[in-house]
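Structure file input_7.pdb (PDB, C-alpha atoms) is printed below.
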```pdb
ATOM      1  CA  MET A   1      93.102  77.804 126.805
ATOM      2  CA  LYS A   2      92.147  81.497 126.755
ATOM      3  CA  ASN A   3      90.684  81.296 130.287
ATOM      4  CA  THR A   4      93.878  79.653 131.576
ATOM      5  CA  LEU A   5      96.022  82.405 130.039
ATOM      6  CA  CYS A   6      93.827  85.111 131.581
ATOM      7  CA  ILE A   7      93.974  83.530 135.062
ATOM      8  CA  PHE A   8      97.752  83.134 134.857
ATOM      9  CA  PHE A   9      98.120  86.723 133.685
ATOM     10  CA  LEU A  10      96.022  88.123 136.548
ATOM     11  CA  LEU A  11      97.880  86.071 139.133
ATOM     12  CA  PHE A  12     101.197  87.274 137.714
ATOM     13  CA  VAL A  13     100.141  90.907 137.829
ATOM     14  CA  PHE A  14      98.687  91.080 141.304
ATOM     15  CA  SER A  15     101.044  88.784 143.218
ATOM     16  CA  ASN A  16     104.217  89.932 145.033
ATOM     17  CA  THR A  17     103.479  93.589 144.371
ATOM     18  CA  TYR A  18     106.001  96.146 145.570
ATOM     19  CA  SER A  19     104.742  99.298 143.883
ATOM     20  CA  GLN A  20     102.200  99.890 141.199
ATOM     21  CA  LYS A  21     100.782 102.775 139.229
ATOM     22  CA  PHE A  22      97.818 103.321 136.923
ATOM     23  CA  GLU A  23      97.732 106.022 134.253
ATOM     24  CA  TRP A  24      94.746 106.910 132.078
ATOM     25  CA  TRP A  25      95.027 108.237 128.516
ATOM     26  CA  SER A  26      98.833 108.195 128.567
ATOM     27  CA  ALA A  27     100.768 106.994 125.508
ATOM     28  CA  SER A  28     103.857 104.824 125.896
ATOM     29  CA  LYS A  29     106.771 103.899 123.648
ATOM     30  CA  PHE A  30     106.584 100.157 124.241
ATOM     31  CA  GLU A  31     103.103  99.948 122.669
ATOM     32  CA  LYS A  32     104.232 101.358 119.330
ATOM     33  CA  PRO A  33     104.102  99.022 116.315
ATOM     34  CA  PHE A  34     107.027  97.815 114.233
ATOM     35  CA  ILE A  35     107.751 100.099 111.267
ATOM     36  CA  SER A  36     107.275  97.160 108.876
ATOM     37  CA  GLU A  37     103.913  96.181 110.364
ATOM     38  CA  MET A  38     101.256  95.914 107.685
ATOM     39  CA  TYR A  39      97.961  97.757 108.358
ATOM     40  CA  SER A  40      99.323  99.580 111.427
ATOM     41  CA  PRO A  41      98.172 102.963 112.839
ATOM     42  CA  LEU A  42     101.468 104.610 111.870
ATOM     43  CA  PHE A  43     101.448 107.559 109.498
ATOM     44  CA  LYS A  44     103.207 106.647 106.247
ATOM     45  CA  ILE A  45     103.255 108.370 102.891
ATOM     46  CA  GLU A  46     105.017 106.549 100.093
ATOM     47  CA  LEU A  47     105.994 106.943  96.463
ATOM     48  CA  ASN A  48     106.251 103.461  94.970
ATOM     49  CA  SER A  49     106.768 101.614  91.732
ATOM     50  CA  ILE A  50     105.039  98.272  91.120
ATOM     51  CA  ASN A  51     105.528  95.403  88.693
ATOM     52  CA  ARG A  52     101.769  94.934  88.101
ATOM     53  CA  LEU A  53      98.533  95.567  89.941
ATOM     54  CA  HIS A  54      95.543  93.402  88.989
ATOM     55  CA  PRO A  55      94.022  92.118  85.722
ATOM     56  CA  THR A  56      90.819  94.099  86.343
ATOM     57  CA  TYR A  57      92.567  97.446  86.776
ATOM     58  CA  TYR A  58      91.598  99.571  83.808
ATOM     59  CA  LYS A  59      94.400 102.172  83.605
ATOM     60  CA  GLU A  60      97.095 101.049  81.186
ATOM     61  CA  SER A  61     100.712 100.320  82.122
ATOM     62  CA  PRO A  62     100.615 100.806  85.915
ATOM     63  CA  GLU A  63     104.228  99.607  86.015
ATOM     64  CA  SER A  64     105.312 102.682  84.025
ATOM     65  CA  ARG A  65     104.441 105.336  86.659
ATOM     66  CA  PRO A  66     104.712 105.763  90.453
ATOM     67  CA  PHE A  67     101.837 105.109  92.824
ATOM     68  CA  ASN A  68     101.083 106.675  96.211
ATOM     69  CA  GLU A  69     100.351 104.510  99.208
ATOM     70  CA  LEU A  70      99.025 106.406 102.220
ATOM     71  CA  GLN A  71      98.688 104.766 105.600
ATOM     72  CA  THR A  72      97.201 106.808 108.380
ATOM     73  CA  GLY A  73      95.659 106.232 111.763
ATOM     74  CA  ILE A  74      95.868 106.736 115.477
ATOM     75  CA  GLN A  75      96.474 104.525 118.483
ATOM     76  CA  ILE A  76      94.293 105.839 121.303
ATOM     77  CA  PRO A  77      95.895 105.103 124.700
ATOM     78  CA  VAL A  78      93.357 104.064 127.320
ATOM     79  CA  LEU A  79      95.200 102.666 130.318
ATOM     80  CA  GLN A  80      98.749 102.007 131.467
ATOM     81  CA  TYR A  81      99.687  99.870 134.439
ATOM     82  CA  ARG A  82     103.220  99.771 135.861
ATOM     83  CA  GLN A  83     104.441  97.446 138.564
ATOM     84  CA  SER A  84     107.840  97.095 140.238
ATOM     85  CA  ARG A  85     108.428  93.522 141.327
ATOM     86  CA  GLN A  86     111.252  91.838 143.182
ATOM     87  CA  SER A  87     112.524  90.303 139.951
ATOM     88  CA  GLY A  88     111.839  93.084 137.458
ATOM     89  CA  ASN A  89     109.486  95.705 136.027
ATOM     90  CA  LEU A  90     106.115  94.979 134.451
ATOM     91  CA  LYS A  91     104.291  97.386 132.145
ATOM     92  CA  ILE A  92     100.850  96.800 130.670
ATOM     93  CA  GLY A  93      99.080  99.025 128.196
ATOM     94  CA  PHE A  94      95.592  98.927 126.709
ATOM     95  CA  SER A  95      94.986 100.944 123.551
ATOM     96  CA  ILE A  96      92.610 101.205 120.596
ATOM     97  CA  PRO A  97      94.377 101.311 117.197
ATOM     98  CA  LEU A  98      92.509 102.672 114.167
ATOM     99  CA  SER A  99      94.021 102.737 110.684
ATOM    100  CA  ALA A 100      93.290 103.271 107.012
ATOM    101  CA  LEU A 101      95.400 102.142 104.057
ATOM    102  CA  MET A 102      94.844 103.812 100.671
ATOM    103  CA  LEU A 103      96.350 103.153  97.244
ATOM    104  CA  ILE A 104      96.149 106.090  94.830
ATOM    105  CA  ASP A 105      97.106 106.260  91.154
ATOM    106  CA  MET A 106      98.062 109.903  91.638
ATOM    107  CA  TYR A 107     100.088 110.265  88.439
ATOM    108  CA  GLU A 108      97.539 108.763  86.066
ATOM    109  CA  SER A 109      96.999 111.671  83.674
ATOM    110  CA  ILE A 110      93.177 111.871  83.553
ATOM    111  CA  THR A 111      91.476 111.171  86.881
ATOM    112  CA  ALA A 112      94.162 110.138  89.427
ATOM    113  CA  PRO A 113      91.791 107.548  90.895
ATOM    114  CA  LEU A 114      91.659 106.168  94.391
ATOM    115  CA  ILE A 115      92.056 102.428  93.856
ATOM    116  CA  ASN A 116      91.352 100.927  97.245
ATOM    117  CA  ASN A 117      90.698 101.662 100.938
ATOM    118  CA  ASP A 118      91.273  99.245 103.823
ATOM    119  CA  TYR A 119      89.996 100.144 107.296
ATOM    120  CA  ARG A 120      90.873  98.497 110.623
ATOM    121  CA  PHE A 121      89.997  99.094 114.258
ATOM    122  CA  GLY A 122      90.091  97.053 117.445
ATOM    123  CA  GLY A 123      91.608  96.770 120.898
ATOM    124  CA  LYS A 124      95.142  95.838 121.944
ATOM    125  CA  ILE A 125      96.729  94.762 125.240
ATOM    126  CA  THR A 126     100.541  94.881 125.463
ATOM    127  CA  ALA A 127     102.473  93.480 128.430
ATOM    128  CA  LEU A 128     106.232  94.087 128.751
ATOM    129  CA  TYR A 129     108.368  92.403 131.415
ATOM    130  CA  SER A 130     111.983  93.501 132.037
ATOM    131  CA  PRO A 131     113.920  91.285 134.508
ATOM    132  CA  TYR A 132     116.613  93.075 136.500
ATOM    133  CA  SER A 133     118.984  90.137 135.967
ATOM    134  CA  MET A 134     118.896  90.608 132.170
ATOM    135  CA  GLN A 135     119.561  94.338 131.854
ATOM    136  CA  ASP A 136     123.036  93.800 130.354
ATOM    137  CA  ARG A 137     122.190  90.770 128.225
ATOM    138  CA  PHE A 138     121.234  90.389 124.588
ATOM    139  CA  ILE A 139     117.579  89.686 125.497
ATOM    140  CA  ARG A 140     116.501  92.406 127.911
ATOM    141  CA  ASN A 141     112.716  92.217 127.957
ATOM    142  CA  PHE A 142     109.823  89.966 126.983
ATOM    143  CA  CYS A 143     106.571  91.108 125.389
ATOM    144  CA  LEU A 144     103.130  89.585 124.994
ATOM    145  CA  THR A 145     100.546  91.348 122.817
ATOM    146  CA  LEU A 146      96.924  90.271 122.624
ATOM    147  CA  VAL A 147      94.423  91.721 120.179
ATOM    148  CA  PRO A 148      91.192  90.148 121.457
ATOM    149  CA  LEU A 149      89.184  91.553 118.558
ATOM    150  CA  PHE A 150      89.711  93.692 115.469
ATOM    151  CA  HIS A 151      87.560  94.400 112.444
ATOM    152  CA  GLU A 152      88.705  94.999 108.861
ATOM    153  CA  SER A 153      86.636  96.178 105.910
ATOM    154  CA  SER A 154      87.750  97.158 102.412
ATOM    155  CA  HIS A 155      86.337  99.076  99.442
ATOM    156  CA  ILE A 156      87.668  99.519  95.931
ATOM    157  CA  GLY A 157      87.332 102.998  94.431
ATOM    158  CA  ASP A 158      84.098 104.063  92.722
ATOM    159  CA  GLU A 159      85.762 104.749  89.364
ATOM    160  CA  TYR A 160      87.396 101.348  89.452
ATOM    161  CA  ALA A 161      84.078  99.623  90.198
ATOM    162  CA  LEU A 162      82.039 101.575  87.624
ATOM    163  CA  HIS A 163      84.532 100.885  84.853
ATOM    164  CA  GLY A 164      84.580  97.203  85.733
ATOM    165  CA  TYR A 165      80.787  96.860  85.716
ATOM    166  CA  ASN A 166      80.473  98.721  82.396
ATOM    167  CA  THR A 167      83.257  97.038  80.418
ATOM    168  CA  LEU A 168      84.255  93.679  81.968
ATOM    169  CA  PRO A 169      81.687  90.869  81.690
ATOM    170  CA  ASP A 170      83.136  88.893  84.608
ATOM    171  CA  PHE A 171      83.847  91.859  86.891
ATOM    172  CA  LYS A 172      82.801  91.489  90.524
ATOM    173  CA  ARG A 173      82.988  93.643  93.624
ATOM    174  CA  ILE A 174      83.737  91.746  96.826
ATOM    175  CA  ASN A 175      84.281  93.850  99.917
ATOM    176  CA  LEU A 176      86.276  92.110 102.616
ATOM    177  CA  SER A 177      84.605  92.362 106.012
ATOM    178  CA  TYR A 178      85.623  90.192 108.952
ATOM    179  CA  GLU A 179      86.624  90.051 112.608
ATOM    180  CA  ALA A 180      89.677  88.231 113.964
ATOM    181  CA  TRP A 181      91.983  87.983 116.983
ATOM    182  CA  GLN A 182      95.788  88.044 117.224
ATOM    183  CA  LEU A 183      98.457  86.899 119.669
ATOM    184  CA  PHE A 184     102.159  87.905 119.585
ATOM    185  CA  LEU A 185     105.174  86.825 121.640
ATOM    186  CA  GLY A 186     108.412  88.785 121.363
ATOM    187  CA  VAL A 187     111.683  89.962 122.872
ATOM    188  CA  ASN A 188     113.328  93.394 123.038
ATOM    189  CA  ARG A 189     110.266  95.376 122.061
ATOM    190  CA  PRO A 190     111.184  98.241 119.636
ATOM    191  CA  ASP A 191     111.515 101.674 121.273
ATOM    192  CA  SER A 192     111.319 100.113 124.749
ATOM    193  CA  LEU A 193     115.094 100.569 125.251
ATOM    194  CA  ALA A 194     117.663 103.141 124.195
ATOM    195  CA  GLY A 195     120.724 102.190 122.212
ATOM    196  CA  ARG A 196     121.396  99.396 119.782
ATOM    197  CA  LEU A 197     118.588  96.865 119.848
ATOM    198  CA  LEU A 198     117.505  93.805 117.873
ATOM    199  CA  SER A 199     113.810  93.037 118.375
ATOM    200  CA  ALA A 200     111.743  90.082 117.200
ATOM    201  CA  GLU A 201     108.249  88.695 117.589
ATOM    202  CA  ILE A 202     106.134  85.883 116.207
ATOM    203  CA  GLY A 203     102.391  86.197 115.799
ATOM    204  CA  TYR A 204      99.246  84.253 114.991
ATOM    205  CA  GLN A 205      95.904  85.506 113.668
ATOM    206  CA  ARG A 206      92.603  83.665 113.371
ATOM    207  CA  LEU A 207      89.070  84.531 112.321
ATOM    208  CA  MET A 208      86.458  84.788 115.038
ATOM    209  CA  PRO A 209      84.289  81.642 115.417
ATOM    210  CA  TRP A 210      81.149  83.413 114.211
ATOM    211  CA  LYS A 211      82.724  84.422 110.881
ATOM    212  CA  GLU A 212      82.331  81.995 107.991
ATOM    213  CA  GLY A 213      85.109  83.663 106.035
ATOM    214  CA  TYR A 214      86.773  86.899 104.964
ATOM    215  CA  TYR A 215      83.921  88.035 102.713
ATOM    216  CA  ASN A 216      80.196  87.639 102.142
ATOM    217  CA  PRO A 217      79.490  88.579  98.501
ATOM    218  CA  ASP A 218      76.308  90.292  97.360
ATOM    219  CA  SER A 219      74.820  88.531  94.306
ATOM    220  CA  LEU A 220      74.114  91.903  92.641
ATOM    221  CA  GLU A 221      77.709  93.105  93.077
ATOM    222  CA  VAL A 222      79.136  89.909  91.551
ATOM    223  CA  LYS A 223      76.635  89.797  88.631
ATOM    224  CA  GLY A 224      75.304  86.434  89.760
ATOM    225  CA  ILE A 225      78.695  84.732  89.431
ATOM    226  CA  GLU A 226      79.131  81.840  91.859
ATOM    227  CA  ILE A 227      81.754  82.934  94.406
ATOM    228  CA  LEU A 228      83.553  80.280  96.396
ATOM    229  CA  PRO A 229      83.623  80.889 100.160
ATOM    230  CA  SER A 230      87.006  81.348 101.831
ATOM    231  CA  GLN A 231      88.266  78.287 103.702
ATOM    232  CA  ASN A 232      91.525  79.216 105.429
ATOM    233  CA  ARG A 233      90.996  80.954 108.749
ATOM    234  CA  ASP A 234      94.442  81.876 110.024
ATOM    235  CA  LEU A 235      97.885  83.284 109.268
ATOM    236  CA  TRP A 236     101.327  83.248 110.862
ATOM    237  CA  LEU A 237     103.771  86.128 110.811
ATOM    238  CA  MET A 238     107.188  87.107 112.112
ATOM    239  CA  ARG A 239     108.695  90.569 112.600
ATOM    240  CA  MET A 240     112.237  91.764 113.274
ATOM    241  CA  ASN A 241     113.534  95.272 113.918
ATOM    242  CA  TYR A 242     117.087  96.603 114.324
ATOM    243  CA  GLN A 243     117.852 100.113 115.593
ATOM    244  CA  GLN A 244     121.343 101.631 115.767
ATOM    245  CA  PRO A 245     121.914 105.135 117.214
ATOM    246  CA  LEU A 246     124.528 107.276 115.487
ATOM    247  CA  ARG A 247     125.547 109.000 118.744
ATOM    248  CA  GLN A 248     127.173 107.227 121.645
ATOM    249  CA  ASP A 249     124.973 108.832 124.310
ATOM    250  CA  ASN A 250     121.868 107.128 122.784
ATOM    251  CA  LYS A 251     119.722 110.026 124.023
ATOM    252  CA  SER A 252     119.554 112.327 121.035
ATOM    253  CA  GLY A 253     120.304 112.339 117.365
ATOM    254  CA  GLY A 254     119.239 109.918 114.694
ATOM    255  CA  GLN A 255     119.005 106.170 114.341
ATOM    256  CA  ILE A 256     119.491 103.711 111.530
ATOM    257  CA  VAL A 257     116.503 101.354 111.444
ATOM    258  CA  ILE A 258     115.989  98.090 109.556
ATOM    259  CA  SER A 259     112.619  96.400 109.929
ATOM    260  CA  PHE A 260     110.827  93.570 108.154
ATOM    261  CA  GLU A 261     107.706  91.436 108.437
ATOM    262  CA  THR A 262     107.187  87.999 106.872
ATOM    263  CA  ARG A 263     103.675  86.592 106.573
ATOM    264  CA  ARG A 264     102.306  83.157 105.684
ATOM    265  CA  GLU A 265      98.837  84.210 104.599
ATOM    266  CA  THR A 266      95.880  83.384 102.391
ATOM    267  CA  LYS A 267      95.656  84.289  98.733
ATOM    268  CA  LEU A 268      91.911  84.535  98.288
ATOM    269  CA  GLY A 269      90.245  82.410  95.615
ATOM    270  CA  TYR A 270      86.838  83.554  94.427
ATOM    271  CA  THR A 271      86.416  81.044  91.573
ATOM    272  CA  SER A 272      87.616  77.531  90.731
ATOM    273  CA  GLY A 273      89.916  78.983  88.074
ATOM    274  CA  ASN A 274      91.805  80.956  90.721
ATOM    275  CA  PRO A 275      91.706  78.798  93.871
ATOM    276  CA  GLU A 276      92.559  79.869  97.406
ATOM    277  CA  GLU A 277      96.066  79.001  98.593
ATOM    278  CA  LYS A 278      98.712  79.884 101.170
ATOM    279  CA  VAL A 279     101.490  82.246 100.047
ATOM    280  CA  TRP A 280     104.490  84.009 101.582
ATOM    281  CA  SER A 281     104.733  87.808 101.702
ATOM    282  CA  PHE A 282     107.678  89.998 102.724
ATOM    283  CA  ASN A 283     107.597  93.662 103.749
ATOM    284  CA  GLY A 284     110.904  95.423 104.506
ATOM    285  CA  TYR A 285     112.047  98.938 105.461
ATOM    286  CA  ALA A 286     115.567 100.359 105.849
ATOM    287  CA  GLY A 287     116.335 103.989 106.621
ATOM    288  CA  TYR A 288     117.136 106.791 109.028
ATOM    289  CA  ARG A 289     114.972 108.566 111.600
ATOM    290  CA  ILE A 290     115.365 111.521 113.963
ATOM    291  CA  PRO A 291     113.397 112.619 117.054
ATOM    292  CA  LYS A 292     110.519 114.963 116.389
ATOM    293  CA  LYS A 293     110.945 118.115 118.485
ATOM    294  CA  ASN A 294     108.698 118.393 121.563
ATOM    295  CA  SER A 295     107.228 114.963 120.871
ATOM    296  CA  ARG A 296     107.714 111.288 121.719
ATOM    297  CA  ASN A 297     107.632 110.492 118.012
ATOM    298  CA  HIS A 298     110.321 110.113 115.361
ATOM    299  CA  ILE A 299     110.179 111.056 111.707
ATOM    300  CA  GLY A 300     112.126 108.963 109.248
ATOM    301  CA  ILE A 301     112.715 108.299 105.575
ATOM    302  CA  TYR A 302     113.008 104.705 104.417
ATOM    303  CA  PHE A 303     113.589 102.543 101.396
ATOM    304  CA  ARG A 304     110.751 100.000 101.176
ATOM    305  CA  HIS A 305     110.506  96.697  99.348
ATOM    306  CA  TYR A 306     107.451  94.433  99.362
ATOM    307  CA  ARG A 307     106.763  91.210  97.503
ATOM    308  CA  GLY A 308     104.061  88.563  97.712
ATOM    309  CA  LEU A 309     100.291  88.872  97.919
ATOM    310  CA  VAL A 310      98.653  92.020  96.516
ATOM    311  CA  PRO A 311      97.928  93.646  99.926
ATOM    312  CA  TYR A 312      94.832  95.682  99.018
ATOM    313  CA  GLY A 313      91.267  94.605  99.800
ATOM    314  CA  GLN A 314      89.576  92.298  97.313
ATOM    315  CA  LEU A 315      92.724  92.389  95.144
ATOM    316  CA  ARG A 316      94.258  89.856  97.557
ATOM    317  CA  ASP A 317      93.316  87.094  95.125
ATOM    318  CA  LYS A 318      96.577  87.691  93.199
ATOM    319  CA  ALA A 319     100.197  87.111  94.219
ATOM    320  CA  ASN A 320     103.639  87.652  92.616
ATOM    321  CA  PHE A 321     103.267  91.372  93.351
ATOM    322  CA  ARG A 322     106.328  93.560  93.904
ATOM    323  CA  LEU A 323     106.542  97.116  95.213
ATOM    324  CA  THR A 324     109.620  99.295  95.716
ATOM    325  CA  GLY A 325     109.783 102.894  96.843
ATOM    326  CA  LEU A 326     110.482 105.659  99.339
ATOM    327  CA  SER A 327     108.495 106.096 102.541
ATOM    328  CA  VAL A 328     108.185 108.900 105.095
ATOM    329  CA  VAL A 329     107.106 107.475 108.450
ATOM    330  CA  ILE A 330     106.085 109.196 111.683
ATOM    331  CA  LYS A 331     106.309 106.875 114.644
TER     332      LYS A 331
END
```
Spit out the file's structure as structure tokens when you get a sec.
Amino acid sequence: MKNTLCIFFLLFVFSNTYSQKFEWWSASKFEKPFISEMYSPLFKIELNSINRLHPTYYKESPESRPFNELQTGIQIPVLQYRQSRQSGNLKIGFSIPLSALMLIDMYESITAPLINNDYRFGGKITALYSPYSMQDRFIRNFCLTLVPLFHESSHIGDEYALHGYNTLPDFKRINLSYEAWQLFLGVNRPDSLAGRLLSAEIGYQRLMPWKEGYYNPDSLEVKGIEILPSQNRDLWLMRMNYQQPLRQDNKSGGQIVISFETRRETKLGYTSGNPEEKVWSFNGYAGYRIPKKNSRNHIGIYFRHYRGLVPYGQLRDKANFRLTGLSVVIK
């Protein structure tokens, strides 16, 4: 199946060529992620309230104070390919996204501990096709995104781990570490067009064949407790994004943006008392952004609401988690 897709893609690119152009190390708007994308290389700093965190978290009443979530990273552009065809324009970009997601209990009065870090890196190929015949229609371009390989690893904070080992008899440290691939199909890629735009994409993710699961526990770090291996290997997700300029010329000024991502993913189950299962998660943003001077980026402030699986490292064995807050995003 993968070989067939690659052959079809190469034939599509290099047939009926009218003009083409290669650019190295040049960033493009159409490769940017959705604002609501979880674990993306966007810069986000958030002040959030939560309904609970995890039974093993040792600081009392986390629901009574705000938490900071910091997402940071970079998407390194490698290659862009542009082709003008008889029927439309084709753009292809290859980039390397790197990201880190951190949860910090900044307003805990004694130590302000770092709770968790999640790290991701990989490669991404984005192909955008814009038919001339559809320039004035509701659907104006088509997008295919392939992530042939990415790696994720996670680590809970040292204070968190030390307290757990010293005071909780059943405490365990399980660092997620796995490789997977992703495939997305979408229309009206965000930021690829000026003006009012409704974008959508559906995606699939699956573990690489050589990975037995999402984690490989160390017997010392889990105090000899028998840890069940993960069984589910994939997830489905859908994203939508709406952008509405406030000026009629669509070329300057701010935009209202509404973006959300829905995931059907795996709640991890380390023991028989808390088995693995599939759950739904929702991540939504709504706000206002303006162009950043002398840059291709925008800076925006958003209201965020998340509910579903706890989205942080080994804490993904609990669901019914809710988060609400304010987010500053540079995209």
Cut-off 9 Å: closest region 141-208 of chain A/region 110-125 of chain A atom pairs per residue, using only C-alpha atoms, as a tab-separated table:
```
residue	atom	partner	partner_atom	distance
A:Leu144	CA	A:Ile125	CA	8.2
A:Thr145	CA	A:Ile125	CA	5.7
A:Leu146	CA	A:Ile125	CA	5.2
A:Val147	CA	A:Lys124	CA	4.5
A:Pro148	CA	A:Gly123	CA	6.7
A:Leu149	CA	A:Gly122	CA	5.7
A:Phe150	CA	A:Gly122	CA	3.9
A:His151	CA	A:Arg120	CA	5.6
A:Glu152	CA	A:Arg120	CA	4.5
A:Ser153	CA	A:Tyr119	CA	5.4
A:Ser154	CA	A:Asp118	CA	4.3
A:His155	CA	A:Asn117	CA	5.3
A:Ile156	CA	A:Asn116	CA	4.2
A:Gly157	CA	A:Ile115	CA	4.8
A:Asp158	CA	A:Leu114	CA	8.0
A:Glu159	CA	A:Pro113	CA	6.8
A:Tyr160	CA	A:Ile115	CA	6.5
A:Leu176	CA	A:Asp118	CA	8.8
```
Result set of the PyMOL selection byres ((chain A and resi 253-266) around 8) on the coordinates above, as an NGL selection string: :A and (34-38 or 232 or 234-247 or 250-252 or 267-268 or 276-291)
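Picture a line from CA of Lys292 (chain A) to CA of Arg189 (chain A); it runs 20.4 Å.
Compared by their closest atoms to Arg233 (chain A), and using only C-alpha atoms, the residues A:Pro41, A:Gly195, A:Gly213, A:Pro77 rank with A:Gly213 nearest.
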Ref. answer, residues at most 6 Å from (98.0, 101.1, 119.9) with all atoms listed in the file, as an NGL selection string: :A and (31 or 75 or 95-97)
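If you look at CA of Thr324 (chain A) and CA of Asn48 (chain A), they are 5.4 Å away from each other.
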Reference answer for the PyMOL selection byres ((chain A and resi 206) around 9), as a PyMOL selection string: chain A and resi 179-182+204-205+207-209+233-235
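Between CA of Gly224 (chain A) and CA of Gly308 (chain A) lies a distance of 29.9 Å.
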What lies within 10 Å of Phe138 (chain A) using all atoms listed in the file, ignoring chain neighbours under 3 positions off, as a short mmCIF file (atom, residue, chain, number, x, y, z; two decimals) with C-alpha atoms, in the frame of the given file?
```cif
data_model
loop_
_atom_site.label_atom_id
_atom_site.label_comp_id
_atom_site.auth_asym_id
_atom_site.auth_seq_id
_atom_site.Cartn_x
_atom_site.Cartn_y
_atom_site.Cartn_z
CA MET A 134 118.90 90.61 132.17
CA GLN A 135 119.56 94.34 131.85
CA ASN A 141 112.72 92.22 127.96
CA VAL A 187 111.68 89.96 122.87
CA ASN A 188 113.33 93.39 123.04
CA LEU A 197 118.59 96.86 119.85
CA LEU A 198 117.50 93.80 117.87
#
```
Top pick for closest residue to Asp170 (chain A), considering A:Ile139, A:Ile227, A:Val329, A:Leu193 and counting all atoms listed in the file: A:Ile227
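Using only C-alpha atoms, the smallest distance between any of A:Ser327, A:Gln248, A:Asn166, A:Ser49 and Arg304 (chain A) comes from A:Ser327.
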Pick from A:Ile330, A:Leu47, A:Ala27, A:Ala319 nearest to Ile299 (chain A), counting all atoms listed in the file: A:Ile330
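Residue nearest Leu101 (chain A), chosen from A:Val78, A:Leu70, A:Leu42, A:Leu228 and counting all atoms listed in the file: A:Leu70.
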Closest of A:Arg322, A:Lys32, A:Arg140, A:Arg296 to Arg196 (chain A) - atom-to-atom distances counting only C-alpha atoms: A:Arg140
Name every residue that the PyMOL selection byres ((chain A and resi 104) around 7) selects in this structure, writing the answer as a PDB file with C-alpha atoms, in the coordinates of the input with chains first and numbers rising.
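Dumped everything to selection.pdb:
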```
ATOM      1  CA  PHE A  67     101.837 105.109  92.824  1.00  0.00           C
ATOM      2  CA  ASN A  68     101.083 106.675  96.211  1.00  0.00           C
ATOM      3  CA  GLU A  69     100.351 104.510  99.208  1.00  0.00           C
ATOM      4  CA  MET A 102      94.844 103.812 100.671  1.00  0.00           C
ATOM      5  CA  LEU A 103      96.350 103.153  97.244  1.00  0.00           C
ATOM      6  CA  ASP A 105      97.106 106.260  91.154  1.00  0.00           C
ATOM      7  CA  MET A 106      98.062 109.903  91.638  1.00  0.00           C
ATOM      8  CA  PRO A 113      91.791 107.548  90.895  1.00  0.00           C
ATOM      9  CA  LEU A 114      91.659 106.168  94.391  1.00  0.00           C
ATOM     10  CA  ILE A 115      92.056 102.428  93.856  1.00  0.00           C
TER      11      ILE A 115
END
```
Distance query 12 Å from (102.4, 108.7, 128.8) using only C-alpha atoms, result as a PyMOL selection string: chain A and resi 22-31+76-82+91+93+95+295-296
